[in-house]
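S.K.: I'd like to ask some things about the structure below.
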There are 2 protein chains.
Amino acid sequence: MIVAGVELGGTKVLCGVGTGPDDLEEVERIPTGDPDETLAAVAAFLAGRDVAAVGVGTFGPVELRRDHPRYGTLLETPKPGWRGVDLLGPLQAVTEAPIALATDVEAAALGEGRWGAGRGARRLLYATVGTGIGAGMLSGGVFVRGPGHPEMGHIPVARLPGDDFEGVCPAHGDCLEGLASGPALAARFGRPAEELGGEHREEARRLVAGYLAMGMAAWTYTAVPDRIV
Amino acid sequence: MIVAGVELGGTKVLCGVGTGPDDLEEVERIPTGDPDETLAAVAAFLAGRDVAAVGVGTFGPVELRRDHPRYGTLLETPKPGWRGVDLLGPLQAVTEAPIALATDVEAAALGEGRWGAGRGARRLLYATVGTGIGAGMLSGGVFVRGPGHPEMGHIPVARLPGDDFEGVCPAHGDCLEGLASGPALAARFGRPAEELGGEHREEARRLVAGYLAMGMAAWTYTAVPDRIV
């Protein structure tokens, strides 16, 4: 079954067509700019293709409830110009194929669950650590969602001994993401994590490992995954 | 449909028969003592009754995976003498009715979801705060479980300003339960919470409210309930 996939990221959009990760006929990279232009470029990629379905993974937060009037619309996203943008309308206009929508983290969880390190897990928690800390969860192959999607990077965590950094999360300050994300490390040490050396590198490792361990403990006690990727 | 319910608690066992909370034909209270004697008394309550099903809610931790060889057995419980005890064998021996097993918190969640404050919720998180802090979750009427049941009371939490109490959790010290349960308050102030007055009472309220708020934030970000009871 040939399907199309679209990953909407903060700096670039990746589009692809194929039957799976080892069979991608075509991959196109589109810079994420003005919403209208960006979505028009994605629509141009999809237009006229004979695919069984389209999957869209996007940065967020995004309204995922299918029965909600704003389904497919970006919510309070920090990305300038993208708040309130309808992601699905411009794409559905050019294809008859059904379009499925997920967060970027959920889409990655689905990929790992189907083809990667999450194969065979009944309750798979997939976490990503970078500019932000996010996690998505599949239970029996279905996304775990409620009124919204999980925001596991924003849980409160206990302080590691000796750490009094105020945190960088605009919403919470010192939540998990505010203490252990890439920008948190950059703010702590005055330079990006990949440029750290010596003692600073060791200290960064101690902090990130400690806080992620706490995050994984809280996620495990709360969501009872049988695997974390 | 007439069913029987058994709640195995740390100090007492409550048994009942009926069609629902407003129609309990009979309730029997059995002190929780020696496992063999206690379970024999529960079996005597059930024996000879014409019920469609039996529901058992128990203190834990307990093995809940139906396909596990130790299904229905208490695991590393702190309750003296009960570790490794098979709860279901002695009961199944006296009744033909199917027996369903849940944790005490899950059983309460199920009751609230069916008859109480959780009616209509799609993802219901039920939390209880007392000797311990526990929470169970129903999604679409089904318990959320993984390799084990949730242990949401044991998540790490950030310290409230000015609080340096070491915590009372035997496993973690200052997890949510270790900082905000009944025994935590008793240890902080030297007397049970219900006997606190004046400033101590206000301080206890501030601490419990603050830590429970953090717990609910972490649970919400991770498990996305649409209602917390």
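Starting from 1 in every chain, residues are counted up; chains themselves are A, B, ... following the order of the structure tokens, and ligands are numbered from 1 as listed.
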So that each row is one residue of chain A with an atom at most 10 Å from chain B, can you give its shortest atom pair and the distance in Å to one decimal, using only C-alpha atoms, rows by chain and rising number, as a Markdown table?
M.R.:
| residue | atom | partner | partner_atom | distance |
| --- | --- | --- | --- | --- |
| A:Arg122 | CA | B:Gly146 | CA | 7.9 |
| A:Arg123 | CA | B:Gly146 | CA | 6.6 |
| A:Leu124 | CA | B:Gly146 | CA | 9.8 |
| A:Ala135 | CA | B:Thr222 | CA | 8.5 |
| A:Gly136 | CA | B:Thr222 | CA | 8.9 |
| A:Met137 | CA | B:Thr222 | CA | 9.2 |
| A:Ser139 | CA | B:Gly146 | CA | 9.1 |
| A:Val144 | CA | B:Ala223 | CA | 7.7 |
| A:Arg145 | CA | B:Val224 | CA | 6.2 |
| A:Gly146 | CA | B:Val224 | CA | 4.8 |
| A:Pro147 | CA | B:Asp226 | CA | 5.8 |
| A:Gly148 | CA | B:Val224 | CA | 6.7 |
| A:His149 | CA | B:Val224 | CA | 6.7 |
| A:Pro150 | CA | B:Tyr221 | CA | 5.2 |
| A:Glu151 | CA | B:Tyr221 | CA | 4.7 |
| A:Met152 | CA | B:Thr222 | CA | 4.9 |
| A:Gly153 | CA | B:Tyr221 | CA | 8.0 |
| A:His154 | CA | B:Tyr221 | CA | 6.9 |
| A:Ile155 | CA | B:Ala218 | CA | 4.7 |
| A:Pro156 | CA | B:Ala158 | CA | 5.9 |
| A:Val157 | CA | B:Ala158 | CA | 5.0 |
| A:Ala158 | CA | B:Ala158 | CA | 4.0 |
| A:Arg159 | CA | B:Ala158 | CA | 6.4 |
| A:Leu160 | CA | B:Ala158 | CA | 9.9 |
| A:Asp174 | CA | B:Ala158 | CA | 9.0 |
| A:Cys175 | CA | B:Ala158 | CA | 8.7 |
| A:Met214 | CA | B:Pro156 | CA | 6.6 |
| A:Gly215 | CA | B:Pro156 | CA | 8.2 |
| A:Met216 | CA | B:Ile155 | CA | 9.7 |
| A:Ala217 | CA | B:Ile155 | CA | 6.7 |
| A:Ala218 | CA | B:Ile155 | CA | 4.7 |
| A:Trp219 | CA | B:Thr222 | CA | 6.3 |
| A:Thr220 | CA | B:Pro150 | CA | 7.7 |
| A:Tyr221 | CA | B:Glu151 | CA | 4.7 |
| A:Thr222 | CA | B:Met152 | CA | 4.9 |
| A:Ala223 | CA | B:Ala223 | CA | 5.9 |
| A:Val224 | CA | B:Gly146 | CA | 4.8 |
| A:Pro225 | CA | B:Gly146 | CA | 5.7 |
| A:Asp226 | CA | B:Pro147 | CA | 5.8 |
| A:Arg227 | CA | B:Pro147 | CA | 9.5 |
S.K.: How would the residues just chosen look if you wrote them out with N, CA, C and O atoms as a short mmCIF file (atom, residue, chain, number, x, y, z; two decimals), in the first residue's frame?
M.R.:
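Now in part-v6.cif:
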data_model
loop_
_atom_site.label_atom_id
_atom_site.label_comp_id
_atom_site.auth_asym_id
_atom_site.auth_seq_id
_atom_site.Cartn_x
_atom_site.Cartn_y
_atom_site.Cartn_z
N ARG A 122 3.46 -3.65 23.92
CA ARG A 122 2.01 -3.47 24.00
C ARG A 122 1.70 -2.02 24.37
O ARG A 122 0.81 -1.40 23.82
N ARG A 123 2.44 -1.50 25.33
CA ARG A 123 2.32 -0.08 25.69
C ARG A 123 3.68 0.56 25.47
O ARG A 123 4.59 0.39 26.28
N LEU A 124 3.79 1.29 24.38
CA LEU A 124 5.07 1.87 23.98
C LEU A 124 5.09 3.36 24.28
O LEU A 124 4.23 4.10 23.83
N ALA A 135 6.95 13.29 24.59
CA ALA A 135 6.74 11.85 24.59
C ALA A 135 5.33 11.56 24.09
O ALA A 135 4.39 12.31 24.34
N GLY A 136 5.24 10.48 23.36
CA GLY A 136 3.94 10.02 22.88
C GLY A 136 3.77 8.58 23.29
O GLY A 136 4.75 7.90 23.61
N MET A 137 2.56 8.11 23.28
CA MET A 137 2.34 6.75 23.75
C MET A 137 1.35 6.02 22.87
O MET A 137 0.32 6.57 22.47
N SER A 139 -0.88 2.48 22.88
CA SER A 139 -1.36 1.34 23.66
C SER A 139 -2.14 0.44 22.72
O SER A 139 -3.16 0.85 22.16
N VAL A 144 -2.46 7.10 22.82
CA VAL A 144 -3.10 7.48 24.08
C VAL A 144 -3.34 8.98 24.04
O VAL A 144 -2.40 9.78 23.97
N ARG A 145 -4.60 9.34 24.02
CA ARG A 145 -4.96 10.76 24.01
C ARG A 145 -6.15 10.97 24.92
O ARG A 145 -6.90 10.05 25.20
N GLY A 146 -6.31 12.19 25.38
CA GLY A 146 -7.48 12.56 26.15
C GLY A 146 -8.05 13.82 25.55
O GLY A 146 -8.18 13.91 24.34
N PRO A 147 -8.36 14.80 26.40
CA PRO A 147 -8.80 16.09 25.87
C PRO A 147 -7.71 16.70 24.99
O PRO A 147 -7.98 17.46 24.08
N GLY A 148 -6.48 16.37 25.28
CA GLY A 148 -5.37 16.81 24.45
C GLY A 148 -4.44 15.63 24.25
O GLY A 148 -4.78 14.51 24.57
N HIS A 149 -3.24 15.91 23.71
CA HIS A 149 -2.24 14.86 23.63
C HIS A 149 -1.33 15.00 24.84
O HIS A 149 -1.28 16.05 25.48
N PRO A 150 -0.58 13.94 25.18
CA PRO A 150 0.32 14.05 26.34
C PRO A 150 1.33 15.18 26.15
O PRO A 150 1.73 15.49 25.04
N GLU A 151 1.70 15.79 27.26
CA GLU A 151 2.75 16.82 27.27
C GLU A 151 3.76 16.41 28.34
O GLU A 151 4.02 17.14 29.29
N MET A 152 4.31 15.21 28.17
CA MET A 152 5.08 14.59 29.25
C MET A 152 6.36 15.34 29.60
O MET A 152 6.93 15.15 30.66
N GLY A 153 6.84 16.18 28.67
CA GLY A 153 8.05 16.95 28.97
C GLY A 153 7.83 18.03 30.01
O GLY A 153 8.80 18.55 30.57
N HIS A 154 6.57 18.32 30.30
CA HIS A 154 6.30 19.44 31.21
C HIS A 154 5.97 19.04 32.64
O HIS A 154 5.46 19.85 33.41
N ILE A 155 6.27 17.80 33.00
CA ILE A 155 6.00 17.39 34.38
C ILE A 155 6.98 18.07 35.34
O ILE A 155 8.12 18.37 34.98
N PRO A 156 6.51 18.32 36.58
CA PRO A 156 7.43 18.83 37.60
C PRO A 156 8.39 17.72 38.02
O PRO A 156 8.01 16.55 38.02
N VAL A 157 9.61 18.07 38.34
CA VAL A 157 10.58 17.09 38.81
C VAL A 157 11.28 17.62 40.06
O VAL A 157 11.32 18.83 40.30
N ALA A 158 11.80 16.70 40.86
CA ALA A 158 12.56 17.09 42.05
C ALA A 158 13.92 17.61 41.62
O ALA A 158 14.49 17.15 40.64
N ARG A 159 14.46 18.56 42.36
CA ARG A 159 15.78 19.10 42.05
C ARG A 159 16.88 18.11 42.35
O ARG A 159 16.89 17.48 43.41
N LEU A 160 17.85 18.01 41.46
CA LEU A 160 19.05 17.25 41.78
C LEU A 160 19.88 18.06 42.76
O LEU A 160 19.83 19.29 42.76
N ASP A 174 10.98 25.60 35.71
CA ASP A 174 11.82 24.43 35.99
C ASP A 174 11.09 23.09 35.93
O ASP A 174 11.35 22.21 36.74
N CYS A 175 10.23 22.91 34.93
CA CYS A 175 9.70 21.56 34.66
C CYS A 175 10.84 20.73 34.03
O CYS A 175 11.95 21.22 33.83
N MET A 214 14.28 10.74 36.36
CA MET A 214 13.09 11.11 37.14
C MET A 214 11.86 11.16 36.25
O MET A 214 10.78 10.71 36.63
N GLY A 215 12.02 11.73 35.07
CA GLY A 215 10.89 11.79 34.14
C GLY A 215 10.40 10.39 33.79
O GLY A 215 9.20 10.11 33.85
N MET A 216 11.34 9.50 33.51
CA MET A 216 10.93 8.14 33.13
C MET A 216 10.27 7.41 34.29
O MET A 216 9.35 6.62 34.11
N ALA A 217 10.74 7.70 35.51
CA ALA A 217 10.10 7.11 36.69
C ALA A 217 8.65 7.59 36.80
O ALA A 217 7.72 6.79 36.97
N ALA A 218 8.46 8.90 36.67
CA ALA A 218 7.10 9.45 36.78
C ALA A 218 6.21 8.91 35.66
O ALA A 218 5.05 8.55 35.89
N TRP A 219 6.74 8.86 34.44
CA TRP A 219 5.95 8.34 33.32
C TRP A 219 5.59 6.87 33.56
O TRP A 219 4.47 6.45 33.27
N THR A 220 6.55 6.11 34.07
CA THR A 220 6.31 4.68 34.28
C THR A 220 5.27 4.46 35.36
O THR A 220 4.35 3.65 35.20
N TYR A 221 5.39 5.18 36.49
CA TYR A 221 4.41 5.03 37.56
C TYR A 221 3.01 5.45 37.10
O TYR A 221 2.01 4.95 37.60
N THR A 222 2.94 6.40 36.19
CA THR A 222 1.65 6.95 35.80
C THR A 222 1.04 6.24 34.59
O THR A 222 -0.16 5.94 34.57
N ALA A 223 1.87 5.97 33.59
CA ALA A 223 1.33 5.47 32.32
C ALA A 223 1.62 3.98 32.09
O ALA A 223 1.15 3.41 31.11
N VAL A 224 2.39 3.36 32.98
CA VAL A 224 2.76 1.93 32.91
C VAL A 224 3.06 1.41 31.50
O VAL A 224 2.42 0.48 31.02
N PRO A 225 4.08 1.99 30.84
CA PRO A 225 4.51 1.43 29.57
C PRO A 225 5.24 0.12 29.79
O PRO A 225 5.76 -0.12 30.88
N ASP A 226 5.27 -0.75 28.78
CA ASP A 226 6.16 -1.90 28.91
C ASP A 226 7.48 -1.70 28.16
O ASP A 226 8.39 -2.50 28.28
N ARG A 227 7.57 -0.59 27.43
CA ARG A 227 8.87 -0.23 26.83
C ARG A 227 8.94 1.27 26.65
O ARG A 227 7.95 1.91 26.29
#
S.K.: Write out as a list in words which residues come within 12 Å of Pro161 of chain A when counting only C-alpha atoms, dropping same-chain ones fewer than 6 positions away.
M.R.: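 Residues near the query, excluding close chain neighbours: Glu203, Arg206, Leu207, Gly210 and Tyr211 of chain A; Arg159 of chain B.
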S.K.: Quick one: everything within 10 Å of Glu76 of chain B, counting only C-alpha atoms, minus sequence neighbours fewer than 3 positions away in the same chain. Send it as a list in words.
M.R.: Gly60, Pro61, Val62, Thr73, Lys79, Trp82, Arg83 and Gly84 of chain B
S.K.: Suppose we keep C-alpha atoms; can you now write the selection as a CSV table (one decimal), in the first residue's frame?
M.R.:
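And here's selection.csv as it stands now:
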chain,number,residue,atom,x,y,z
B,60,GLY,CA,-1.1,-4.4,46.7
B,61,PRO,CA,1.1,-4.7,44.9
B,62,VAL,CA,-0.6,-7.7,43.3
B,73,THR,CA,-0.8,-13.3,44.1
B,79,LYS,CA,1.7,-6.2,55.0
B,82,TRP,CA,0.8,-11.6,53.0
B,83,ARG,CA,3.7,-11.6,50.6
B,84,GLY,CA,3.2,-14.4,48.0
S.K.: Just the alpha helix (DSSP H) stuff from segment 104-164 of chain B, please, per backbone DSSP, written as a PyMOL selection string.
M.R.: chain B and resi 104-115
S.K.: Name the residues of segment 57-160 of chain B that fall into strand (DSSP E or B) according to DSSP on the backbone, using the chain letters and numbers of this document, as number ranges by chain.
M.R.: B: 57-58, 62, 73-74, 86, 99-103, 123-129, 133-139, 142-143, 156
S.K.: Please report the interatomic distance between atom CA of Gln92 of chain A and atom CA of Asp104 of chain A in Å with one decimal.
M.R.: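 If I compute the distance from atom CA of Gln92 of chain A to atom CA of Asp104 of chain A, I get 19.0 Å.
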S.K.: My list of candidates is A:Gly178, A:Pro170, A:Gly132, A:Pro90. Which is closest to Ala40 of chain A when distances are computed with only C-alpha atoms?
M.R.: A:Pro90
S.K.: Skip segment 55-57 of chain B itself and residues of its chain fewer than 2 positions away, then list as an MDAnalysis selection string all residues within 6 Å of it, counting only C-alpha atoms.
M.R.: chainID B and resid 5:7 99:104 107
S.K.: Excluding Ala204 of chain B and any residue of its chain fewer than 4 positions from it, enumerate the residues within 7 Å of it, using only C-alpha atoms, and give them as a PyMOL selection string.
M.R.: chain B and resi 185+200+208
S.K.: Show me, as a ChimeraX atom specification, the residues that have an atom within 12 Å of Leu196 of chain B when counting only C-alpha atoms, minus same-chain residues fewer than 5 positions from it.
M.R.: /B:182,185-186,188-191,201-205
S.K.: Quick check, in Å to one decimal: how far apart do atom CA of Val105 of chain A and atom CA of Val229 of chain A lie?
M.R.: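 Atom-to-atom, atom CA of Val105 of chain A and atom CA of Val229 of chain A are spaced 11.5 Å apart.
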S.K.: Which residue out of B:Ile2, B:Leu75, B:Ala47, B:Leu212 has the minimum interatomic distance to Ile133 of chain B when only C-alpha atoms are used?
M.R.: B:Leu212
S.K.: Please identify all polymer residues within 10 Å of Gly113 of chain A, counting only C-alpha atoms, omitting same-chain residues fewer than 3 positions from it, and present them as JSON, numbers by chain.
M.R.: {"A": [107, 108, 109, 110, 116, 117, 118, 119, 120, 121, 122, 123, 124, 125, 126, 137, 138, 140, 141, 229]}
S.K.: For the residues in that selection, give me N, CA, C and O atoms as a short mmCIF file (atom, residue, chain, number, x, y, z; two decimals), in the first residue's frame.
M.R.:
data_model
loop_
_atom_site.label_atom_id
_atom_site.label_comp_id
_atom_site.auth_asym_id
_atom_site.auth_seq_id
_atom_site.Cartn_x
_atom_site.Cartn_y
_atom_site.Cartn_z
N ALA A 107 3.87 10.60 15.74
CA ALA A 107 4.21 10.01 14.44
C ALA A 107 5.49 9.19 14.56
O ALA A 107 5.59 8.09 14.01
N ALA A 108 6.46 9.72 15.31
CA ALA A 108 7.71 8.98 15.50
C ALA A 108 7.45 7.71 16.31
O ALA A 108 8.02 6.65 16.04
N ALA A 109 6.57 7.82 17.32
CA ALA A 109 6.22 6.65 18.13
C ALA A 109 5.59 5.57 17.25
O ALA A 109 5.90 4.37 17.37
N LEU A 110 4.73 5.99 16.34
CA LEU A 110 4.06 5.05 15.45
C LEU A 110 5.08 4.36 14.55
O LEU A 110 5.02 3.14 14.34
N GLY A 116 10.38 -0.13 14.08
CA GLY A 116 11.64 0.10 14.78
C GLY A 116 11.74 -0.53 16.14
O GLY A 116 11.28 -1.66 16.38
N ALA A 117 12.29 0.23 17.07
CA ALA A 117 12.63 -0.27 18.40
C ALA A 117 11.41 -0.54 19.27
O ALA A 117 11.55 -1.08 20.36
N GLY A 118 10.24 -0.17 18.79
CA GLY A 118 9.04 -0.39 19.59
C GLY A 118 8.25 -1.61 19.16
O GLY A 118 7.18 -1.88 19.72
N ARG A 119 8.77 -2.36 18.19
CA ARG A 119 8.02 -3.53 17.71
C ARG A 119 7.79 -4.53 18.84
O ARG A 119 8.70 -4.86 19.57
N GLY A 120 6.55 -4.98 18.95
CA GLY A 120 6.23 -6.01 19.95
C GLY A 120 5.81 -5.44 21.29
O GLY A 120 5.32 -6.19 22.14
N ALA A 121 6.01 -4.14 21.52
CA ALA A 121 5.59 -3.55 22.80
C ALA A 121 4.07 -3.37 22.79
O ALA A 121 3.50 -2.97 21.77
N ARG A 122 3.46 -3.65 23.92
CA ARG A 122 2.01 -3.47 24.00
C ARG A 122 1.70 -2.02 24.37
O ARG A 122 0.81 -1.40 23.82
N ARG A 123 2.44 -1.50 25.33
CA ARG A 123 2.32 -0.08 25.69
C ARG A 123 3.68 0.56 25.47
O ARG A 123 4.59 0.39 26.28
N LEU A 124 3.79 1.29 24.38
CA LEU A 124 5.07 1.87 23.98
C LEU A 124 5.09 3.36 24.28
O LEU A 124 4.23 4.10 23.83
N LEU A 125 6.06 3.79 25.07
CA LEU A 125 6.26 5.21 25.31
C LEU A 125 7.50 5.63 24.54
O LEU A 125 8.57 5.06 24.71
N TYR A 126 7.34 6.61 23.66
CA TYR A 126 8.44 7.10 22.84
C TYR A 126 8.75 8.52 23.26
O TYR A 126 7.87 9.39 23.25
N MET A 137 2.56 8.11 23.28
CA MET A 137 2.34 6.75 23.75
C MET A 137 1.35 6.02 22.87
O MET A 137 0.32 6.57 22.47
N LEU A 138 1.69 4.77 22.59
CA LEU A 138 0.80 3.88 21.86
C LEU A 138 0.39 2.75 22.80
O LEU A 138 1.24 2.12 23.43
N GLY A 140 -1.63 -0.78 22.52
CA GLY A 140 -2.27 -1.67 21.56
C GLY A 140 -2.31 -1.08 20.17
O GLY A 140 -3.25 -1.31 19.41
N GLY A 141 -1.30 -0.28 19.83
CA GLY A 141 -1.22 0.30 18.49
C GLY A 141 -2.00 1.59 18.31
O GLY A 141 -1.99 2.18 17.23
N VAL A 229 11.20 4.00 24.47
CA VAL A 229 12.21 4.18 23.41
C VAL A 229 12.66 5.63 23.46
O VAL A 229 11.82 6.54 23.45
#
S.K.: Which is closer to Ala4 of chain A than all the others in A:Arg65, A:Arg70, A:Arg49, A:His172, using only C-alpha atoms?
M.R.: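 Result for the nearest residue to Ala4 of chain A: A:Arg49.
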S.K.: Using only C-alpha atoms, which residue out of B:Gly10, B:Gly16, B:Pro21, B:Pro31 lies closest to Thr77 of chain B?
M.R.: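 Of B:Gly10, B:Gly16, B:Pro21, B:Pro31, the one nearest Thr77 of chain B is B:Gly10, counting only C-alpha atoms.
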S.K.: To one decimal place in Å, what is the distance between atom CA of Arg29 of chain A and atom CA of Cys15 of chain A?
M.R.: 6.5 Å
